[in-house]
Structure formats: C-alpha cells, structure tokens
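Trainee: Structure file work_17.cif (mmCIF, C-alpha atoms) is given on the next line.
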```cif
data_entry
loop_
_atom_site.label_atom_id
_atom_site.label_comp_id
_atom_site.auth_asym_id
_atom_site.auth_seq_id
_atom_site.Cartn_x
_atom_site.Cartn_y
_atom_site.Cartn_z
CA MET A 1 105.88 104.71 85.96
CA PRO A 2 103.15 103.49 83.62
CA THR A 3 104.79 100.00 83.52
CA PHE A 4 103.68 99.35 87.09
CA PHE A 5 100.03 99.96 86.19
CA GLU A 6 100.32 98.07 82.89
CA LEU A 7 101.72 95.01 84.65
CA ARG A 8 98.90 95.22 87.20
CA LEU A 9 96.40 95.24 84.35
CA ALA A 10 98.15 92.25 82.74
CA ALA A 11 98.08 90.40 86.08
CA GLN A 12 94.39 91.26 86.47
CA ALA A 13 93.58 89.80 83.05
CA LEU A 14 95.66 86.64 83.58
CA LEU A 15 94.23 86.01 87.04
CA LEU A 16 90.67 86.49 85.79
CA TYR A 17 91.42 83.98 83.02
CA ALA A 18 92.82 81.60 85.67
CA ALA A 19 89.62 82.02 87.69
CA ALA A 20 87.51 81.28 84.61
CA CYS A 21 89.56 78.13 83.84
CA HIS A 22 89.24 76.88 87.40
CA LEU A 23 85.49 77.51 87.27
CA ALA A 24 85.28 75.57 84.00
CA ALA A 25 87.33 72.72 85.51
CA TRP A 26 85.02 72.62 88.53
CA ARG A 27 82.03 72.33 86.20
CA GLY A 28 83.58 69.31 84.50
CA GLY A 29 86.04 70.85 82.04
CA GLY A 30 88.69 68.25 82.87
CA ASN A 31 92.32 68.32 83.87
CA GLY A 32 93.42 70.14 80.71
CA VAL A 33 91.39 73.21 81.65
CA ALA A 34 92.67 73.03 85.22
CA ALA A 35 96.28 72.87 83.95
CA ARG A 36 95.62 75.91 81.78
CA GLY A 37 94.22 77.68 84.82
CA ARG A 38 97.34 76.84 86.84
CA LEU A 39 99.58 78.14 84.06
CA ALA A 40 97.52 81.37 83.90
CA LEU A 41 97.83 81.68 87.69
CA LEU A 42 101.61 81.24 87.45
CA SER A 43 101.76 83.85 84.65
CA GLY A 44 99.58 86.22 86.67
CA TRP A 45 101.83 85.75 89.71
CA GLY A 46 104.89 86.62 87.60
CA ALA A 47 103.25 89.66 86.01
CA PHE A 48 102.13 90.91 89.42
CA MET A 49 105.53 90.23 91.01
CA THR A 50 107.34 92.00 88.14
CA GLY A 51 104.96 94.91 88.65
CA GLU A 52 105.92 94.94 92.31
CA LEU A 53 109.61 95.01 91.32
CA VAL A 54 108.92 98.02 89.08
CA GLY A 55 106.94 99.56 91.95
CA ALA A 56 109.87 98.98 94.32
CA CYS A 57 112.21 100.77 91.87
CA TRP A 58 109.69 103.61 91.60
CA SER A 59 109.41 103.87 95.37
CA TYR A 60 113.22 103.79 95.74
CA GLY A 61 113.66 106.59 93.22
CA TRP A 62 110.82 108.69 94.59
CA LEU A 63 110.82 108.11 98.36
CA GLY A 64 114.23 106.53 98.96
CA ASP A 65 113.06 103.09 100.07
CA PHE A 66 111.96 100.00 98.16
CA TRP A 67 109.25 99.16 100.69
CA GLN A 68 106.71 101.40 102.37
CA TRP A 69 104.86 100.33 105.49
CA ASN A 70 101.38 101.34 104.38
CA ALA A 71 98.04 99.80 103.43
CA GLY A 72 98.88 99.69 99.70
CA PHE A 73 102.06 97.66 100.14
CA LEU A 74 100.43 95.37 102.71
CA SER A 75 97.50 94.63 100.39
CA SER A 76 99.97 93.80 97.58
CA THR A 77 101.70 91.36 99.92
CA ALA A 78 98.37 89.74 100.78
CA LEU A 79 97.62 89.35 97.06
CA LEU A 80 101.04 87.81 96.33
CA LEU A 81 100.59 85.35 99.18
CA LEU A 82 97.10 84.47 97.95
CA MET A 83 98.54 83.66 94.51
CA GLY A 84 101.34 81.65 96.14
CA LEU A 85 98.73 79.73 98.11
CA GLY A 86 96.93 78.75 94.90
CA LEU A 87 100.20 77.57 93.38
CA HIS A 88 101.27 75.43 96.36
CA LEU A 89 98.23 73.27 97.08
CA PRO A 90 99.37 69.76 98.14
CA PRO A 91 98.31 67.13 95.53
CA ARG A 92 95.71 65.58 97.83
CA TRP A 93 94.07 68.96 98.41
CA ALA A 94 94.28 69.90 94.74
CA ALA A 95 92.32 66.75 93.93
CA ARG A 96 89.27 68.29 95.62
CA PRO A 97 87.54 70.31 92.87
CA TRP A 98 85.93 72.87 95.18
CA LEU A 99 89.22 73.58 97.00
CA ARG A 100 91.06 73.95 93.69
CA LEU A 101 88.34 76.35 92.50
CA VAL A 102 88.57 78.49 95.65
CA ALA A 103 92.40 78.60 95.62
CA GLY A 104 92.58 79.22 91.85
CA ALA A 105 89.85 81.85 91.60
CA ALA A 106 90.47 83.80 94.83
CA PRO A 107 93.52 85.80 93.57
CA GLY A 108 91.66 87.07 90.47
CA VAL A 109 88.60 88.05 92.48
CA ALA A 110 90.68 89.67 95.24
CA LEU A 111 92.90 91.66 92.84
CA ASN A 112 89.85 92.97 90.99
CA LEU A 113 88.23 93.97 94.27
CA VAL A 114 91.41 95.83 95.31
CA VAL A 115 91.61 97.64 91.95
CA LEU A 116 87.88 98.44 92.03
CA ASN A 117 88.25 99.77 95.57
CA HIS A 118 91.15 101.97 94.43
CA GLN A 119 89.30 103.20 91.34
CA MET A 120 86.31 104.17 93.43
CA GLY A 121 88.55 106.39 95.51
CA MET A 122 88.29 104.34 98.65
CA GLY A 123 91.80 102.92 98.43
CA SER A 124 94.73 104.30 100.37
CA MET B 1 112.68 68.58 108.97
CA LYS B 2 109.89 66.71 107.20
CA ALA B 3 107.20 68.71 109.01
CA LEU B 4 109.05 71.99 108.42
CA SER B 5 109.35 71.34 104.70
CA SER B 6 105.77 70.20 104.10
CA LEU B 7 103.51 71.87 101.57
CA ARG B 8 100.72 71.85 104.15
CA LEU B 9 102.80 74.05 106.43
CA ALA B 10 103.54 76.37 103.48
CA VAL B 11 99.83 76.69 102.68
CA ALA B 12 98.93 77.19 106.36
CA ALA B 13 101.63 79.85 106.84
CA MET B 14 100.61 81.67 103.65
CA ALA B 15 96.90 81.55 104.56
CA ALA B 16 97.67 82.89 108.04
CA LEU B 17 99.85 85.65 106.56
CA VAL B 18 97.10 86.62 104.10
CA LEU B 19 94.66 87.04 106.99
CA TRP B 20 97.32 88.86 109.07
CA THR B 21 98.19 91.36 106.33
CA VAL B 22 94.50 91.97 105.55
CA TRP B 23 94.04 92.74 109.25
CA GLY B 24 97.05 95.06 108.98
CA VAL B 25 95.49 96.84 105.99
CA GLN B 26 92.32 97.41 108.05
CA MET B 27 94.36 98.79 110.97
CA ALA B 28 96.94 100.73 108.93
CA PHE B 29 95.34 104.11 109.67
CA SER B 30 94.31 103.34 113.24
CA PRO B 31 96.16 104.93 116.18
CA SER B 32 97.12 101.45 117.41
CA LEU B 33 99.15 100.54 114.32
CA ALA B 34 99.95 103.71 112.34
CA PRO B 35 102.76 104.90 114.72
CA LEU B 36 104.25 101.39 114.73
CA LEU B 37 104.26 101.23 110.93
CA ARG B 38 106.10 104.55 110.91
CA ALA B 39 108.62 103.23 113.44
CA LEU B 40 109.12 100.10 111.31
CA ALA B 41 109.65 102.27 108.22
CA GLU B 42 112.21 104.39 110.03
CA GLY B 43 113.97 101.24 111.21
CA HIS B 44 114.16 101.87 114.93
CA LEU B 45 111.38 99.72 116.38
CA LEU B 46 113.39 96.50 116.57
CA VAL B 47 116.71 98.27 117.19
CA HIS B 48 115.42 99.97 120.34
CA PRO B 49 113.18 97.48 122.23
CA SER B 50 112.78 100.13 124.97
CA GLN B 51 110.15 101.72 122.72
CA TRP B 52 107.99 98.62 122.86
CA GLY B 53 106.48 99.66 126.16
CA GLN B 54 105.18 102.89 124.66
CA ALA B 55 103.52 101.13 121.73
CA SER B 56 99.93 99.95 121.70
CA ALA B 57 99.56 96.30 122.78
CA LEU B 58 97.35 95.44 119.79
CA GLY B 59 99.83 97.02 117.37
CA MET B 60 102.78 95.18 118.92
CA PHE B 61 100.81 91.93 118.78
CA TRP B 62 100.29 92.50 115.05
CA VAL B 63 103.95 93.34 114.42
CA LEU B 64 105.24 90.33 116.40
CA GLY B 65 102.68 88.05 114.72
CA LEU B 66 103.77 89.29 111.30
CA LEU B 67 107.42 88.65 112.12
CA ALA B 68 106.69 85.17 113.54
CA LEU B 69 104.57 84.10 110.56
CA SER B 70 107.07 85.51 108.05
CA GLY B 71 109.88 83.71 109.85
CA LEU B 72 107.93 80.45 109.75
CA LEU B 73 107.27 80.85 106.02
CA ALA B 74 110.94 81.66 105.35
CA LEU B 75 112.03 78.57 107.31
CA ASN B 76 109.55 76.41 105.43
CA LEU B 77 110.74 77.87 102.12
CA LEU B 78 114.36 77.05 102.97
CA CYS B 79 113.64 73.51 104.20
CA CYS B 80 111.27 72.73 101.33
CA SER B 81 113.74 74.03 98.73
CA LEU B 82 116.64 72.05 100.15
CA SER B 83 114.82 68.78 100.78
CA LYS B 84 112.43 68.41 97.84
CA LEU B 85 113.97 70.33 95.00
CA VAL B 86 117.58 69.28 95.55
CA ARG B 87 116.65 65.60 95.79
CA ASN B 88 115.30 65.28 92.23
CA TRP B 89 117.87 66.88 89.96
CA SER B 90 116.76 68.29 86.61
CA TRP B 91 117.20 71.64 84.90
CA ARG B 92 113.60 72.53 85.66
CA ASN B 93 114.05 71.70 89.34
CA ALA B 94 117.30 73.68 89.42
CA LEU B 95 115.44 76.72 88.08
CA LEU B 96 112.63 76.14 90.55
CA LEU B 97 115.19 75.93 93.35
CA ALA B 98 116.86 79.16 92.17
CA LEU B 99 113.45 80.89 92.05
CA HIS B 100 112.58 79.77 95.58
CA LEU B 101 115.98 80.77 96.96
CA ALA B 102 115.76 84.18 95.25
CA VAL B 103 112.32 84.74 96.80
CA LEU B 104 113.82 83.73 100.16
CA LEU B 105 116.59 86.31 99.68
CA VAL B 106 113.98 88.96 98.88
CA MET B 107 112.16 88.06 102.12
CA LEU B 108 115.41 88.16 104.10
CA ALA B 109 116.33 91.55 102.61
CA HIS B 110 112.91 92.86 103.67
CA GLY B 111 113.46 91.49 107.16
CA ALA B 112 116.99 92.85 107.39
CA THR B 113 115.83 96.43 106.65
CA LEU B 114 114.11 96.34 110.05
CA VAL B 115 117.49 96.27 111.79
CA VAL B 116 120.01 97.41 109.16
CA GLY B 117 119.93 101.01 107.97
CA TYR B 118 117.26 103.59 108.68
CA GLN B 119 114.97 106.12 107.09
CA ARG B 120 113.68 109.51 108.12
CA GLN B 121 110.54 110.44 106.23
CA HIS B 122 109.16 113.89 105.39
CA GLN B 123 111.79 115.97 107.16
CA ARG B 124 111.00 119.68 106.78
CA LEU B 125 114.08 121.87 106.44
CA LEU B 126 114.37 125.61 105.90
CA PRO B 127 117.50 127.09 104.30
CA GLY B 128 120.27 127.06 106.90
CA GLN B 129 118.60 124.43 109.07
CA SER B 130 120.25 121.07 109.65
CA LEU B 131 119.10 117.65 110.71
CA THR B 132 121.18 115.27 112.83
CA LEU B 133 120.92 111.70 111.62
CA PRO B 134 121.09 108.55 113.81
CA ASP B 135 124.65 107.76 112.68
CA GLY B 136 125.97 111.16 113.64
CA ALA B 137 125.97 112.78 110.19
CA ALA B 138 124.24 116.12 109.71
CA LEU B 139 122.18 117.08 106.70
CA SER B 140 121.63 120.76 106.04
CA LEU B 141 119.63 122.64 103.48
CA LYS B 142 121.60 125.28 101.60
CA GLY B 143 118.66 126.52 99.58
CA ALA B 144 115.45 125.55 97.85
CA HIS B 145 114.03 126.85 94.62
CA LEU B 146 110.48 126.38 93.44
CA GLU B 147 109.46 127.56 89.99
CA PRO B 148 105.84 128.53 89.54
CA GLN B 149 104.46 126.22 86.88
CA PRO B 150 101.92 127.75 84.50
CA MET B 151 98.74 125.77 84.00
CA ALA B 152 99.57 125.41 80.29
CA ASP B 153 102.73 123.44 81.19
CA CYS B 154 100.78 121.14 83.50
CA LEU B 155 98.21 120.47 80.78
CA ARG B 156 100.94 119.82 78.19
CA GLN B 157 102.69 117.37 80.52
CA ALA B 158 99.42 115.57 81.26
CA ALA B 159 98.69 115.27 77.51
CA GLN B 160 102.19 113.95 76.82
CA LYS B 161 101.81 111.45 79.63
CA GLN B 162 98.57 110.17 78.13
CA THR B 163 99.99 109.74 74.64
CA ARG B 164 103.33 108.48 76.04
CA ARG B 165 105.32 110.97 73.98
CA ARG B 166 107.18 112.23 77.01
CA PRO B 167 110.77 111.05 76.55
CA ARG B 168 111.66 110.82 80.25
CA PHE B 169 110.34 111.77 83.63
CA PRO B 170 110.35 115.60 83.59
CA ARG B 171 112.57 117.50 85.93
CA GLY B 172 110.53 118.79 88.83
CA PRO B 173 109.41 122.36 89.02
CA GLY B 174 112.26 123.10 91.41
CA TRP B 175 115.25 121.79 93.33
CA ALA B 176 116.96 121.88 96.67
CA GLU B 177 120.65 122.18 97.48
CA VAL B 178 121.71 119.98 100.40
CA ALA B 179 125.00 119.36 102.19
CA LEU B 180 126.17 116.48 104.32
CA SER B 181 128.73 116.76 107.09
CA ARG B 182 130.12 114.70 109.94
CA ASP B 183 131.91 116.12 112.99
CA GLY B 184 132.06 119.50 111.29
CA LEU B 185 133.74 118.05 108.21
CA GLU B 186 131.75 118.48 105.00
CA LEU B 187 131.28 115.19 103.14
CA GLY B 188 129.63 116.63 100.08
CA GLN B 189 127.07 118.93 98.61
CA GLY B 190 124.48 118.11 95.98
CA ARG B 191 121.27 119.08 94.29
CA VAL B 192 118.07 117.05 94.61
CA ALA B 193 114.90 117.29 92.57
CA PHE B 194 111.73 115.23 92.33
CA MET B 195 112.73 111.64 91.37
CA GLN B 196 116.37 112.74 91.22
CA PRO B 197 117.94 111.78 94.55
CA TRP B 198 121.46 112.57 95.67
CA GLU B 199 123.69 109.94 97.23
CA ALA B 200 126.71 110.49 99.46
CA ASP B 201 128.43 108.39 102.13
CA GLY B 202 125.85 105.61 101.65
CA LEU B 203 122.99 108.02 102.31
CA ARG B 204 120.21 108.74 99.86
CA ILE B 205 118.37 112.04 99.95
CA ASN B 206 115.08 112.37 98.07
CA LEU B 207 113.15 115.57 97.59
CA VAL B 208 109.49 114.81 98.19
CA GLY B 209 107.93 118.27 98.53
CA TYR B 210 108.13 121.91 99.49
CA PHE B 211 106.61 124.01 102.22
CA CYS B 212 106.34 127.67 103.06
CA PRO B 213 106.00 128.65 106.73
CA SER B 214 103.84 131.62 107.58
CA GLY B 215 105.89 134.72 108.29
CA PRO B 216 106.55 138.27 107.15
CA GLU B 217 108.77 137.10 104.27
CA PRO B 218 107.99 134.05 102.15
CA VAL B 219 110.73 131.39 102.43
CA VAL B 220 110.66 128.11 100.55
CA GLY B 221 111.60 125.05 102.56
CA ALA B 222 112.19 121.53 101.32
CA VAL B 223 110.62 118.28 102.51
CA VAL B 224 113.15 115.45 102.18
CA ASN B 225 113.38 111.74 102.86
CA VAL B 226 116.75 110.54 104.10
CA SER B 227 117.56 106.84 103.95
CA ARG B 228 120.47 104.50 104.41
CA ARG B 229 119.66 101.18 102.75
CA PRO B 230 122.83 99.12 102.28
CA LEU B 231 120.74 96.12 101.20
CA ALA B 232 118.95 97.87 98.34
CA LYS B 233 121.25 96.48 95.63
CA PRO B 234 121.18 92.84 96.87
CA PHE B 235 117.40 93.18 97.18
CA PHE B 236 116.96 94.33 93.57
CA LEU B 237 119.45 91.71 92.31
CA ALA B 238 117.62 88.86 94.10
CA TYR B 239 114.25 90.16 92.90
CA GLY B 240 115.54 90.42 89.31
CA ALA B 241 116.99 86.89 89.50
CA ALA B 242 113.65 85.55 90.76
CA MET B 243 111.81 87.16 87.86
CA LEU B 244 114.34 85.82 85.35
CA CYS B 245 113.91 82.28 86.72
CA TRP B 246 110.13 82.66 86.56
CA LEU B 247 110.30 83.79 82.93
CA ILE B 248 112.49 80.84 81.87
CA LEU B 249 110.26 78.41 83.79
CA LEU B 250 107.18 79.86 82.13
CA ILE B 251 108.74 79.45 78.68
CA LEU B 252 109.74 75.84 79.52
CA ASP B 253 106.20 75.09 80.76
CA LEU B 254 104.61 76.63 77.67
CA ARG B 255 106.91 74.60 75.37
CA ARG B 256 106.21 71.42 77.31
CA LYS B 257 102.48 72.08 77.18
CA ARG B 258 102.64 72.63 73.43
CA GLY B 259 104.75 69.49 72.90
CA GLY B 260 102.72 66.99 74.94
CA PRO B 261 99.42 66.36 76.69
CA ALA B 262 98.43 68.74 79.45
CA GLN B 263 99.31 67.64 82.93
CA ASP B 264 97.84 68.86 86.16
#
```
Please lay out the structure from this file as structure tokens.

Mentor:
Amino acid sequence: MPTFFELRLAAQALLLYAAACHLAAWRGGGNGVAARGRLALLSGWGAFMTGELVGACWSYGWLGDFWQWNAGFLSSTALLLLMGLGLHLPPRWAARPWLRLVAGAAPGVALNLVVLNHQMGMGS
Amino acid sequence: MKALSSLRLAVAAMAALVLWTVWGVQMAFSPSLAPLLRALAEGHLLVHPSQWGQASALGMFWVLGLLALSGLLALNLLCCSLSKLVRNWSWRNALLLALHLAVLLVMLAHGATLVVGYQRQHQRLLPGQSLTLPDGAALSLKGAHLEPQPMADCLRQAAQKQTRRRPRFPRGPGWAEVALSRDGLELGQGRVAFMQPWEADGLRINLVGYFCPSGPEPVVGAVVNVSRRPLAKPFFLAYGAAMLCWLILLILDLRRKRGGPAQD
C-alpha cells in the first residue's frame, strides 16, 4: 500500500508549509499569509485523513479490521485531532497571533516528529 | 444547547483528547493498558462489564476517559453542526454540514465496534483443530501450505516494489484451507492467503502468518484473524463521503481565493 505512505508524505509537506505560513504571519506577514496557512492546514488534514482511509482499507484487507488498538493508530488519532484543533479556533482566539502560530504550526511539527521517530526505528 | 455547540468546547475537547491519546500511546505497551487494548480490539470489554474488576485501575481510567471525551466531542459535533451550519444556508455550508456529519458517522462507527461484532486476533490452528467463536460458530483448519520462497524471488519482488512495476499485490507464499460450521452443519469452506481473506456468514477470516510446532514430524499451522464487523461498509461509505466533501470544499476555497482577496 504505497498510497498510504505517499499521502503521509503529502500531508507532511502541506503541514510544514502551513507551519511556515503561520510563522510568517506571526512575524508580520499579514492576513493573506495566515489565510494561505489555514488553507494548507485544511489540505494537509484532508491528505492525512485520506491516508488514514487508505490505511483502514489496508488494515481491513490484511488483519480483518479497519481499526487497530495500538500505539500507531492512537498517534494518528492524536495528529488528526491536533489538525482539527488548528482548524477550529474561535475567532477571538485566532486573533491572537501567538495562539494562531501554535495551533497552526503544531500539527506539522508533531507529524514530522512522529515520522522521524518511526524512521529512527523507535516507533511502534 | 449553546454551550454544547460552542467552538470553545470543541477546542477544549479536542485538546483534552490529544493529551489523552498521547498518554495512551505512552502506555500502549505497559501491562496496565496493553491487555485492555486487546480486549477493546476483540470487542468484549464493554460487552462483559464483569471483566472490569480484573483490569488495571489506571487502564480502566484511561479507557473510560477516552470514551467520555470522545462522547463529548461527538455531542459537540452534532450540536454545532445542527445549530450553526443549518442556520445559514448556502451550498458551502451544506457541504460543510455533510462533512461534519460524515465525520460524526465515522466516530459513531468506531464507537459501535466496541459493542457490535468481535474479533479474535492471531489464533493459531493446526490442521484438524477448530476454534469456537463467541456466536457459536466453529472455524476449523483443513490444511495449510507454505511454499519455500527462494531468496531470488524475494529480491525480485523487492525490486519490483521499488520501481512500482508490480501489477498487484503478489499472492502469498502459501495458503490455508478453512471451514466454518454451526451446530455441526457446515456453512462453507474456503481458501485464505495473505491479503486475500475469505468471507462467509458475515465472518471474515484473514491469514496473518504460519507456525510450526516442535515435534517429531514438521506440521505447518496457520495463524488467522477472525472478525465480524457488520459496520465496516457503513464506516467506509461515511469516510469516503467525508473525503469527497472535503475535496469539493477545497476546490471551492481555492477558486474563491483565486477570484477575490484572501480572507482569514
């Protein structure tokens, strides 16, 4: 199932771009950059979620269930929720630049840490 | 209703769930949570509350916390979708509503698997042995066949995988013949191989490995996963619908962004 890994890579790239946009907005890039960051975050969420759908199909074909109760699936859930959190900031909270930066950049940083952890052989 | 549908509650519930699942990841291999995760996977933890007493208190606290927080998020998702998105009608809001409701269905399907259906993981069967399932059916292994795979074949498959020339997932190096019966009446017989499950009477049998017990004569046994997941199709349909809504919304947002000034 190479599609699962390809979609993860796509999500990684989009979320890193979202983090960069939010950083630029925090440093005075303006609302246009922030809007681009939000769109990248939404795209990253979709790419990641589609990857999870492919992963669920893979798991169903291989192990007979679309969900596995293990560390890998739980960390994916945490990442999805982190992205959802960045996309659902109330307007008053989103007006605070530092909060918008944290919520917009955290998914990219977290996903890269998870992938790095896995690549280094420490993942489950 | 207003408090239940607030964005603040959504953010708080998601933040709490992020922390909760990260805690779960840290504990996934610990003796306090690992047996409970297995019980959740097999679908008998919530069906038989009598087992709760045997479980570790910390593990049960995590499981109940996860269920409570997920339930709160699902309730918030439902209330928010119905109150905010329905109020202001537009095609974009309709798509947004459909996306949120599809995600809610995915969450509900996940929750329902804890009480509907079951799974038995890594069941080791030797030819002639049978396994009694929770619903009274019996699964027996008629035979297992494992072909020795020369190293050259493994290397060729790995090379094809890298260059993506492999047309489809290769058939495994072996297979197992299984039969399903209930009350002595045979319901069917089929062959399973790696990534090629067999389905009968709503049951799905997946071959996940082989084993060879020590003894005077080598006998190949099969390791199988048996699952009954009646909600698998609705789950995949809801998930697919959510992704379709997301894609259309993304295209609409991109077109709007190209057509006018950026909005935050």

Trainee: Can you translate the PyMOL selection byres ((chain B and resi 64-81) around 9) into the concrete residues it hits in this file, as a PyMOL selection string?

Mentor: chain B and resi 1-7+9-10+13-14+16-17+20-21+59-63+82-86+96-98+100-101+103-104+107-108+111

Trainee: On this structure, which residues satisfy the PyMOL selection byres ((chain A) within 7 of (chain B)), written as a list in words?

Mentor: Asn31, Gly32, Ala34, Ala35, Gly46, Thr50, Leu53, Gly61, Trp62, Leu63, Gly64, Gln68, Trp69, Asn70, Ala71, Leu74, Ser75, Ala78, Leu81, Leu82, Leu85, His88, Leu89 and Pro90 of chain A

Trainee: Once you count only C-alpha atoms, which residues end up no further than 12 Å from (85.9, 90.0, 90.3) in the file's frame, shown as a list in words?

Mentor: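 Checked against the point, the hits come out as Gln12, Ala13, Leu15, Leu16, Tyr17, Ala18, Ala19, Ala20, Ala105, Ala106, Pro107, Gly108, Val109, Ala110, Leu111, Asn112, Leu113, Val114, Val115, Leu116 and Asn117 of chain A.
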
Trainee: Quick one: everything within 8 Å of range 133-145 of chain B, counting only C-alpha atoms, minus sequence neighbours fewer than 4 positions away in the same chain. Send it as a list of chain:residue names.

Mentor: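 Residues meeting the cut-off are B:Leu125, B:Leu126, B:Pro127, B:Gly128, B:Gln129, B:Gly174, B:Trp175, B:Ala176, B:Glu177, B:Val178, B:Ala179, B:Leu180, B:Ser181, B:Arg182, B:Asp183, B:Val220, B:Gly221, B:Ala222.
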
Trainee: With all atoms listed in the file as the atoms that count, which of A:Leu79, A:Ala103, A:Gln119, A:Pro97 lies nearest to Gly29 in chain A?

Mentor: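 Checking each of A:Leu79, A:Ala103, A:Gln119, A:Pro97 against Gly29 in chain A, counting all atoms listed in the file, the winner is A:Pro97.
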